[in-house]
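*Asks:* Sharing entry-v8.cif, mmCIF, C-alpha atoms:
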```cif
data_protein
loop_
_atom_site.label_atom_id
_atom_site.label_comp_id
_atom_site.auth_asym_id
_atom_site.auth_seq_id
_atom_site.Cartn_x
_atom_site.Cartn_y
_atom_site.Cartn_z
CA MET G 1 48.65 -36.68 0.17
CA PHE G 2 45.63 -37.68 -1.88
CA THR G 3 42.12 -36.32 -1.84
CA ALA G 4 39.80 -39.11 -2.94
CA ASN G 5 39.01 -42.68 -1.96
CA TYR G 6 36.62 -45.04 -3.72
CA HIS G 7 37.30 -48.18 -1.68
CA THR G 8 35.31 -47.84 1.54
CA HIS G 9 33.44 -50.59 3.39
CA THR G 10 30.70 -50.53 6.01
CA LYS G 11 29.87 -52.68 9.01
CA ARG G 12 27.27 -54.53 6.93
CA CYS G 13 29.94 -56.79 5.45
CA GLY G 14 30.53 -58.33 8.89
CA HIS G 15 34.24 -57.51 9.15
CA ALA G 16 34.21 -53.71 9.24
CA THR G 17 33.25 -51.29 12.01
CA GLY G 18 31.93 -47.76 12.34
CA GLU G 19 28.85 -45.89 11.20
CA ASP G 20 28.50 -44.69 7.62
CA GLU G 21 28.48 -41.05 8.70
CA GLU G 22 31.74 -41.51 10.63
CA TYR G 23 33.49 -42.42 7.37
CA VAL G 24 32.11 -39.27 5.77
CA GLN G 25 33.21 -37.07 8.64
CA GLU G 26 36.68 -38.64 8.61
CA ALA G 27 36.98 -38.01 4.87
CA ILE G 28 35.92 -34.39 5.25
CA GLY G 29 38.42 -33.92 8.06
CA GLN G 30 41.09 -35.34 5.79
CA GLY G 31 40.19 -32.81 3.10
CA PHE G 32 38.84 -35.33 0.60
CA SER G 33 36.94 -34.08 -2.43
CA ASP G 34 35.43 -37.52 -3.20
CA LEU G 35 34.40 -40.47 -1.05
CA GLY G 36 33.09 -43.61 -2.69
CA PHE G 37 31.42 -46.32 -0.64
CA SER G 38 32.09 -49.75 -2.13
CA ASP G 39 31.04 -52.34 0.40
CA HIS G 40 31.25 -56.01 -0.55
CA ILE G 41 28.28 -56.50 -2.80
CA MET G 42 25.17 -58.11 -1.31
CA LEU G 43 23.85 -60.72 -3.72
CA PRO G 44 20.35 -62.18 -4.04
CA GLY G 45 20.30 -65.90 -3.40
CA PHE G 46 23.86 -66.07 -2.11
CA VAL G 47 25.06 -65.97 1.50
CA GLU G 48 28.69 -65.54 2.56
CA PRO G 49 28.79 -64.60 6.27
CA TYR G 50 31.57 -62.29 7.49
CA VAL G 51 32.57 -61.62 3.87
CA ARG G 52 29.53 -59.74 2.54
CA GLY G 53 26.26 -58.61 4.04
CA ASP G 54 23.02 -60.50 3.54
CA PHE G 55 20.95 -59.22 0.62
CA SER G 56 18.34 -58.01 3.12
CA LEU G 57 20.78 -55.15 3.91
CA PHE G 58 20.97 -53.95 0.31
CA GLU G 59 18.25 -51.30 0.48
CA ASP G 60 19.46 -49.94 3.81
CA TYR G 61 22.97 -49.55 2.42
CA CYS G 62 21.82 -47.73 -0.69
CA SER G 63 19.44 -45.39 1.13
CA SER G 64 22.01 -44.57 3.81
CA ILE G 65 24.72 -43.60 1.34
CA ARG G 66 22.31 -41.61 -0.85
CA ASP G 67 21.07 -39.74 2.21
CA LEU G 68 24.63 -38.89 3.28
CA SER G 69 25.42 -37.79 -0.26
CA ASP G 70 22.55 -35.32 -0.16
CA ARG G 71 23.22 -34.04 3.36
CA TYR G 72 26.94 -33.46 2.81
CA SER G 73 26.76 -32.36 -0.82
CA GLU G 74 28.24 -28.93 -0.10
CA GLN G 75 31.29 -30.44 1.64
CA ILE G 76 32.16 -33.60 -0.27
CA GLN G 77 31.06 -35.63 -3.28
CA ILE G 78 29.82 -39.04 -2.12
CA TYR G 79 29.32 -41.96 -4.50
CA LEU G 80 27.45 -45.22 -4.05
CA GLY G 81 29.13 -48.37 -5.28
CA PHE G 82 30.15 -51.91 -4.51
CA GLU G 83 33.26 -54.04 -4.57
CA ALA G 84 32.28 -57.09 -6.60
CA GLU G 85 33.88 -60.29 -7.80
CA ALA G 86 33.91 -61.52 -11.36
CA PHE G 87 30.99 -63.82 -10.60
CA ARG G 88 29.64 -64.71 -14.04
CA PRO G 89 26.16 -65.74 -12.79
CA TYR G 90 25.72 -62.24 -11.34
CA PHE G 91 26.92 -60.21 -14.30
CA PRO G 92 23.29 -59.52 -15.37
CA PHE G 93 22.57 -58.26 -11.85
CA TYR G 94 25.60 -55.96 -11.97
CA LYS G 95 24.53 -54.59 -15.34
CA GLU G 96 21.03 -53.93 -14.03
CA LEU G 97 22.35 -51.99 -11.03
CA ILE G 98 24.51 -49.78 -13.22
CA GLY G 99 22.11 -49.47 -16.14
CA ASN G 100 19.17 -48.47 -13.93
CA GLY G 101 21.25 -45.99 -11.93
CA VAL G 102 20.79 -47.86 -8.66
CA ILE G 103 24.54 -47.43 -8.03
CA ASP G 104 27.24 -45.16 -9.41
CA TYR G 105 30.09 -47.61 -9.89
CA LEU G 106 31.70 -50.99 -9.25
CA ILE G 107 35.25 -51.87 -8.37
CA LEU G 108 36.64 -55.31 -9.13
CA GLY G 109 37.82 -57.30 -6.14
CA ASN G 110 38.71 -60.69 -7.60
CA HIS G 111 38.68 -62.67 -4.36
CA SER G 112 37.10 -65.91 -5.52
CA ALA G 113 35.50 -67.84 -8.38
CA MET G 114 31.90 -69.04 -8.63
CA ASP G 115 30.38 -71.78 -10.76
CA ASP G 116 26.99 -71.72 -12.46
CA SER G 117 25.37 -73.22 -9.36
CA HIS G 118 26.47 -70.22 -7.27
CA GLU G 119 29.04 -72.32 -5.43
CA LEU G 120 32.50 -70.95 -4.71
CA ILE G 121 35.09 -73.13 -6.43
CA CYS G 122 38.31 -71.25 -5.68
CA LYS G 123 39.55 -68.60 -3.27
CA PHE G 124 42.31 -66.60 -4.86
CA GLY G 125 43.91 -65.63 -1.58
CA ASN G 126 45.12 -69.22 -1.39
CA ILE G 127 46.18 -70.24 -4.88
CA THR G 128 47.70 -73.71 -4.91
CA SER G 129 48.06 -74.46 -8.64
CA VAL G 130 48.97 -72.79 -11.90
CA SER G 131 45.46 -73.46 -13.21
CA GLN G 132 43.99 -71.40 -10.37
CA LEU G 133 46.37 -68.55 -11.20
CA TYR G 134 45.18 -68.53 -14.80
CA LEU G 135 41.55 -68.75 -13.66
CA TYR G 136 42.20 -65.56 -11.68
CA ARG G 137 43.49 -63.96 -14.85
CA ASP G 138 40.66 -65.16 -17.08
CA LEU G 139 37.90 -63.99 -14.75
CA ALA G 140 39.56 -60.63 -14.17
CA LEU G 141 39.96 -60.10 -17.91
CA GLU G 142 36.31 -60.91 -18.49
CA ALA G 143 35.28 -58.41 -15.83
CA ILE G 144 37.57 -55.66 -17.13
CA GLN G 145 36.40 -56.19 -20.69
CA SER G 146 32.74 -56.01 -19.62
CA GLY G 147 33.06 -52.27 -19.07
CA MET G 148 31.25 -52.50 -15.73
CA PHE G 149 34.19 -51.84 -13.42
CA GLN G 150 35.85 -48.49 -12.71
CA ILE G 151 38.84 -49.73 -10.67
CA PHE G 152 40.72 -53.02 -10.36
CA ALA G 153 41.21 -53.36 -6.60
CA HIS G 154 44.38 -55.05 -5.32
CA PRO G 155 45.10 -56.44 -8.81
CA ASP G 156 48.00 -58.54 -7.51
CA TYR G 157 45.76 -60.26 -4.92
CA PHE G 158 46.88 -63.57 -6.42
CA MET G 159 50.27 -63.04 -4.72
CA MET G 160 48.67 -63.52 -1.29
CA SER G 161 49.90 -67.11 -1.15
CA ILE G 162 52.55 -67.25 -3.88
CA GLU G 163 56.09 -66.79 -2.65
CA ASN G 164 57.96 -66.07 -5.86
CA PHE G 165 56.92 -63.94 -8.81
CA ASP G 166 57.72 -66.51 -11.50
CA SER G 167 57.21 -66.56 -15.26
CA ASP G 168 53.53 -67.49 -14.93
CA CYS G 169 52.92 -64.61 -12.52
CA LYS G 170 54.66 -62.27 -14.92
CA LYS G 171 52.58 -63.50 -17.86
CA VAL G 172 49.35 -63.09 -15.90
CA SER G 173 50.39 -59.64 -14.71
CA LYS G 174 51.18 -58.40 -18.21
CA SER G 175 47.78 -59.56 -19.45
CA LEU G 176 45.98 -57.76 -16.62
CA ILE G 177 47.94 -54.54 -17.02
CA GLU G 178 47.42 -54.45 -20.78
CA ALA G 179 43.68 -55.02 -20.38
CA CYS G 180 43.38 -52.25 -17.79
CA MET G 181 45.17 -49.88 -20.15
CA ALA G 182 42.97 -50.86 -23.08
CA TYR G 183 39.75 -50.34 -21.09
CA ASP G 184 40.98 -47.35 -19.06
CA VAL G 185 40.62 -49.09 -15.68
CA PRO G 186 43.07 -47.80 -13.06
CA LEU G 187 45.02 -50.36 -11.05
CA GLU G 188 44.66 -49.85 -7.32
CA ILE G 189 47.57 -49.34 -4.96
CA ASN G 190 45.85 -50.98 -2.02
CA LEU G 191 46.72 -49.40 1.31
CA SER G 192 45.14 -52.21 3.32
CA GLY G 193 47.96 -54.49 2.22
CA ILE G 194 50.42 -51.93 3.58
CA ARG G 195 48.47 -51.66 6.85
CA MET G 196 48.64 -55.44 7.29
CA GLY G 197 52.41 -55.33 7.11
CA GLU G 198 54.81 -57.93 5.84
CA LYS G 199 54.15 -61.67 5.87
CA GLN G 200 56.76 -64.38 6.30
CA PHE G 201 56.86 -66.64 3.28
CA LEU G 202 59.18 -69.64 3.20
CA SER G 203 62.34 -67.73 2.34
CA LYS G 204 61.38 -64.06 2.53
CA ARG G 205 59.25 -61.41 4.17
CA ARG G 206 57.20 -59.07 2.03
CA LEU G 207 53.81 -57.43 1.72
CA ARG G 208 51.00 -59.69 0.58
CA TYR G 209 50.12 -56.83 -1.76
CA PRO G 210 50.97 -54.42 -3.27
CA THR G 211 53.99 -56.34 -4.55
CA ASP G 212 57.15 -54.82 -5.98
CA GLU G 213 57.37 -57.14 -8.97
CA PHE G 214 53.82 -56.53 -10.15
CA PHE G 215 53.96 -52.75 -9.82
CA GLU G 216 57.41 -52.59 -11.33
CA LEU G 217 55.72 -53.84 -14.49
CA VAL G 218 52.86 -51.38 -14.02
CA GLY G 219 55.39 -48.55 -13.82
CA LYS G 220 57.16 -49.69 -16.97
CA TYR G 221 53.87 -49.82 -18.87
CA GLY G 222 52.79 -46.42 -17.58
CA ALA G 223 49.34 -47.71 -16.69
CA LYS G 224 47.03 -45.54 -14.61
CA CYS G 225 47.01 -46.22 -10.87
CA ILE G 226 44.90 -44.94 -8.01
CA PHE G 227 45.21 -45.22 -4.24
CA GLY G 228 42.57 -47.23 -2.41
CA ALA G 229 42.30 -47.11 1.38
CA ASP G 230 40.21 -50.30 1.46
CA ALA G 231 38.91 -48.79 4.69
CA HIS G 232 37.17 -51.06 7.17
CA LYS G 233 37.29 -48.49 9.98
CA PRO G 234 36.74 -44.73 9.66
CA ASP G 235 40.22 -43.82 10.87
CA GLN G 236 41.80 -45.94 8.12
CA LEU G 237 41.00 -43.07 5.77
CA SER G 238 43.50 -40.87 7.58
CA MET G 239 46.40 -43.05 8.69
CA GLU G 240 49.23 -40.74 7.72
CA SER G 241 52.01 -43.30 8.20
CA VAL G 242 50.29 -45.81 5.92
CA ASN G 243 49.41 -43.17 3.35
CA TYR G 244 53.03 -41.99 3.36
CA LEU G 245 54.28 -45.53 2.70
CA GLY G 246 51.79 -45.82 -0.16
CA VAL G 247 53.10 -42.64 -1.75
CA GLN G 248 56.68 -43.84 -1.32
CA PHE G 249 55.75 -47.14 -2.97
CA ALA G 250 54.28 -45.26 -5.93
CA LYS G 251 57.37 -43.10 -6.27
CA LYS G 252 59.65 -46.14 -6.04
CA HIS G 253 57.98 -47.71 -9.06
CA ASN G 254 57.41 -44.47 -10.96
CA LEU G 255 53.67 -45.09 -11.06
CA ASN G 256 51.27 -42.97 -13.08
CA VAL G 257 48.92 -42.07 -10.22
CA ILE G 258 45.65 -40.24 -10.77
CA ASP G 259 44.10 -38.31 -7.87
CA ARG G 260 40.46 -39.01 -8.58
CA LEU G 261 38.10 -40.70 -11.02
CA ASP G 262 36.48 -38.44 -13.56
CA THR G 263 34.45 -41.28 -15.07
CA ILE G 264 31.97 -41.68 -12.20
CA ARG G 265 28.67 -39.89 -12.45
CA ARG G 266 26.32 -39.72 -9.49
CA HIS G 267 22.90 -41.09 -10.44
#
```
What would the structure in this file look like if it were written as structure tokens?
*Replies:*
Amino acid sequence: MFTANYHTHTKRCGHATGEDEEYVQEAIGQGFSDLGFSDHIMLPGFVEPYVRGDFSLFEDYCSSIRDLSDRYSEQIQIYLGFEAEAFRPYFPFYKELIGNGVIDYLILGNHSAMDDSHELICKFGNITSVSQLYLYRDLALEAIQSGMFQIFAHPDYFMMSIENFDSDCKKVSKSLIEACMAYDVPLEINLSGIRMGEKQFLSKRRLRYPTDEFFELVGKYGAKCIFGADAHKPDQLSMESVNYLGVQFAKKHNLNVIDRLDTIRRH
């Protein structure tokens, strides 16, 4: 149903399984033209067990993906990237990785906020105040406007703990969608949220993400979207029932879906 995925994790993050080559073989079996690895970025001087790998794994990750890219070059295009938060203290590090060709791309996964002391000050999967919602927006906008990110992963992640899509959610969503359109950053239709199934909120059951209200706006704007498997196991690249539901979700909201990124260049 689609032939590229740029949101692929590895066991190094501590909450994924499978060998790197197994993801490649699964993608080839699925008929993919492109496979992008984007494990949770390993950061010097910062440890977050079971969320991202220790920085000591950085070189192994890069060399493994580059080796697979070379060995399977006649069958599939493999890209090396990371999923990274809008951590301001690490923006120079991100720029160095991209500018020096160490990696091919970044995708924005706005999971949490970090202060200047490298301490996490907010986890956006559990927003409890309007100020935290707007912090999510502000950091995401800064990241999008930096030009460093190729995809905005699960852009409605802030709805993980918010029951109702109220006026503040709508205002935040419009700002994010408009920025992605201005900077040509596709919004991800995240298939992991579909795999997780519906969650019971106080008065309703719905997906944590992708959410109908957010992507209804995306459809009205005509912003670019792209599917992201957010794979943490090799077989999550080829779950036909989940992929089908993702396509139906896109059709429901009349989303402008692109098949692959043409802005990534392998370094």
*Asks:* For Asp166 of chain G, which of G:Leu207, G:Ile121, G:Leu133, G:Ile98 is the closest residue, counting all atoms listed in the file?
*Replies:* G:Leu133
*Asks:* For Phe2 of chain G, which residue out of G:Ala140, G:Leu255, G:Val51, G:Leu237 is the nearest one, using all atoms listed in the file?
*Replies:*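 Under the stated criterion, the closest residue is G:Leu237.
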*Asks:* List the neighbours of Ile226 of chain G out to 8 Å using only C-alpha atoms; skip same-chain residues closer than 4 positions along the sequence, and give me the result as a list in words.
*Replies:*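 My list of contacting residues is Pro186, Leu187, Glu188, Ile189, Val257, Ile258, Asp259 and Arg260 of chain G.
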*Asks:* Write the residues of the preceding selection, restricted to C-alpha atoms, as a short mmCIF file (atom, residue, chain, number, x, y, z; two decimals), in the frame of the given file.
*Replies:*
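Below is the file again-v2.cif, written as the result:
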```
data_model
loop_
_atom_site.label_atom_id
_atom_site.label_comp_id
_atom_site.auth_asym_id
_atom_site.auth_seq_id
_atom_site.Cartn_x
_atom_site.Cartn_y
_atom_site.Cartn_z
CA PRO G 186 43.07 -47.80 -13.06
CA LEU G 187 45.02 -50.36 -11.05
CA GLU G 188 44.66 -49.85 -7.32
CA ILE G 189 47.57 -49.34 -4.96
CA VAL G 257 48.92 -42.07 -10.22
CA ILE G 258 45.65 -40.24 -10.77
CA ASP G 259 44.10 -38.31 -7.87
CA ARG G 260 40.46 -39.01 -8.58
#
```
*Asks:* Expanded to explicit residues, what is the PyMOL selection byres ((chain G and resi 44) around 10) for this file, as a PyMOL selection string?
*Replies:* chain G and resi 41-43+45-47+54-56+58+90+93
*Asks:* Quick one: which segment 132-224 of chain G residues come within 10 Å of segment 7-18 of chain G, and what is the nearest atom pair for each with the distance in Å to one decimal, counting only C-alpha atoms, rows ordered by chain and ascending number, as a tab-separated table?
*Replies:*
```
residue	atom	partner	partner_atom	distance
G:Ile151	CA	G:His7	CA	9.3
G:Ala153	CA	G:His7	CA	8.1
G:Glu188	CA	G:His7	CA	9.4
G:Asn190	CA	G:His7	CA	9.0
G:Leu191	CA	G:His7	CA	10.0
```
*Asks:* As lines of an AutoDock Vina configuration file, please: the centre and edge lengths in Å, to one decimal, of an axis-aligned box enclosing every listed atom of segment 238-251 of chain G with 5 Å added on each side.
*Replies:*
```
center_x = 50.4
center_y = -43.9
center_z = 1.2
size_x = 23.9
size_y = 16.4
size_z = 25.0
```
*Asks:* Name the closest residue to Gly246 of chain G among the candidates G:Asp104, G:Asp212, G:Glu19, G:Glu163; distances are taken between atoms, counting all atoms listed in the file.
*Replies:*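 Among G:Asp104, G:Asp212, G:Glu19, G:Glu163, it is G:Asp212 that comes nearest to Gly246 of chain G.
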*Asks:* Evaluate the PyMOL selection byres ((chain G and resi 28) around 12) and record the selected residues as a compact mmCIF listing (two decimals) with C-alpha atoms, keeping the file's coordinate frame, following the chain and residue labels used in the document.
*Replies:*
```
# COMPACT_ATOMS: atom_id res chain seq x y z
CA THR G 3 42.12 -36.32 -1.84
CA ALA G 4 39.80 -39.11 -2.94
CA ASN G 5 39.01 -42.68 -1.96
CA GLU G 21 28.48 -41.05 8.70
CA GLU G 22 31.74 -41.51 10.63
CA TYR G 23 33.49 -42.42 7.37
CA VAL G 24 32.11 -39.27 5.77
CA GLN G 25 33.21 -37.07 8.64
CA GLU G 26 36.68 -38.64 8.61
CA ALA G 27 36.98 -38.01 4.87
CA GLY G 29 38.42 -33.92 8.06
CA GLN G 30 41.09 -35.34 5.79
CA GLY G 31 40.19 -32.81 3.10
CA PHE G 32 38.84 -35.33 0.60
CA SER G 33 36.94 -34.08 -2.43
CA ASP G 34 35.43 -37.52 -3.20
CA LEU G 35 34.40 -40.47 -1.05
CA TYR G 72 26.94 -33.46 2.81
CA SER G 73 26.76 -32.36 -0.82
CA GLU G 74 28.24 -28.93 -0.10
CA GLN G 75 31.29 -30.44 1.64
CA ILE G 76 32.16 -33.60 -0.27
CA GLN G 77 31.06 -35.63 -3.28
CA ILE G 78 29.82 -39.04 -2.12
CA PRO G 234 36.74 -44.73 9.66
CA ASP G 235 40.22 -43.82 10.87
CA LEU G 237 41.00 -43.07 5.77
CA SER G 238 43.50 -40.87 7.58
```
*Asks:* By how many Å are atom CA of Tyr50 of chain G and atom CA of Glu198 of chain G apart?
*Replies:* 23.7 Å
*Asks:* Nearest to Ser146 of chain G: which of G:Glu83, G:Asp115, G:Asp60, G:Asp184 is it, counting all atoms listed in the file?
*Replies:*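 Smallest distance to Ser146 of chain G is found for G:Asp184.
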*Asks:* Work out how far apart atom CA of Phe82 of chain G and atom CA of Lys170 of chain G are and give it in Å to one decimal.
*Replies:*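 One can read the atom CA of Phe82 of chain G to atom CA of Lys170 of chain G distance as 28.6 Å.
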*Asks:* What does the structure give for the distance between atom CA of Asp20 of chain G and atom CA of Phe37 of chain G, in Å to one decimal?
*Replies:*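 Going from atom CA of Asp20 of chain G over to atom CA of Phe37 of chain G, I get 8.9 Å.
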*Asks:* Of the candidates G:Phe227, G:Ile65, G:Thr263, G:Tyr79, which shows the shortest atom-to-atom distance to Val247 of chain G, using only C-alpha atoms?
*Replies:*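 When distances to Val247 of chain G are compared using only C-alpha atoms, the smallest one comes from G:Phe227.
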*Asks:* Just say which residues the PyMOL selection byres ((chain G and resi 161) around 8) picks in this file, as a ChimeraX atom specification.
*Replies:* /G:125-128,158-160,162-163,208
*Asks:* Let's have the selection written as a PDB file, in the coordinates of the input, with C-alpha atoms.
*Replies:*
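Just written: again.pdb:
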```pdb
ATOM      1  CA  GLY G 125      43.910 -65.630  -1.580  1.00  0.00           C
ATOM      2  CA  ASN G 126      45.120 -69.220  -1.390  1.00  0.00           C
ATOM      3  CA  ILE G 127      46.180 -70.240  -4.880  1.00  0.00           C
ATOM      4  CA  THR G 128      47.700 -73.710  -4.910  1.00  0.00           C
ATOM      5  CA  PHE G 158      46.880 -63.570  -6.420  1.00  0.00           C
ATOM      6  CA  MET G 159      50.270 -63.040  -4.720  1.00  0.00           C
ATOM      7  CA  MET G 160      48.670 -63.520  -1.290  1.00  0.00           C
ATOM      8  CA  ILE G 162      52.550 -67.250  -3.880  1.00  0.00           C
ATOM      9  CA  GLU G 163      56.090 -66.790  -2.650  1.00  0.00           C
ATOM     10  CA  ARG G 208      51.000 -59.690   0.580  1.00  0.00           C
TER      11      ARG G 208
END
```
*Asks:* Rank nothing, just name the residue among G:Cys180, G:Val242, G:Val172, G:Leu202 nearest to Val130 of chain G, using all atoms listed in the file.
*Replies:*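 Ranking G:Cys180, G:Val242, G:Val172, G:Leu202 by distance to Val130 of chain G, first place goes to G:Val172.
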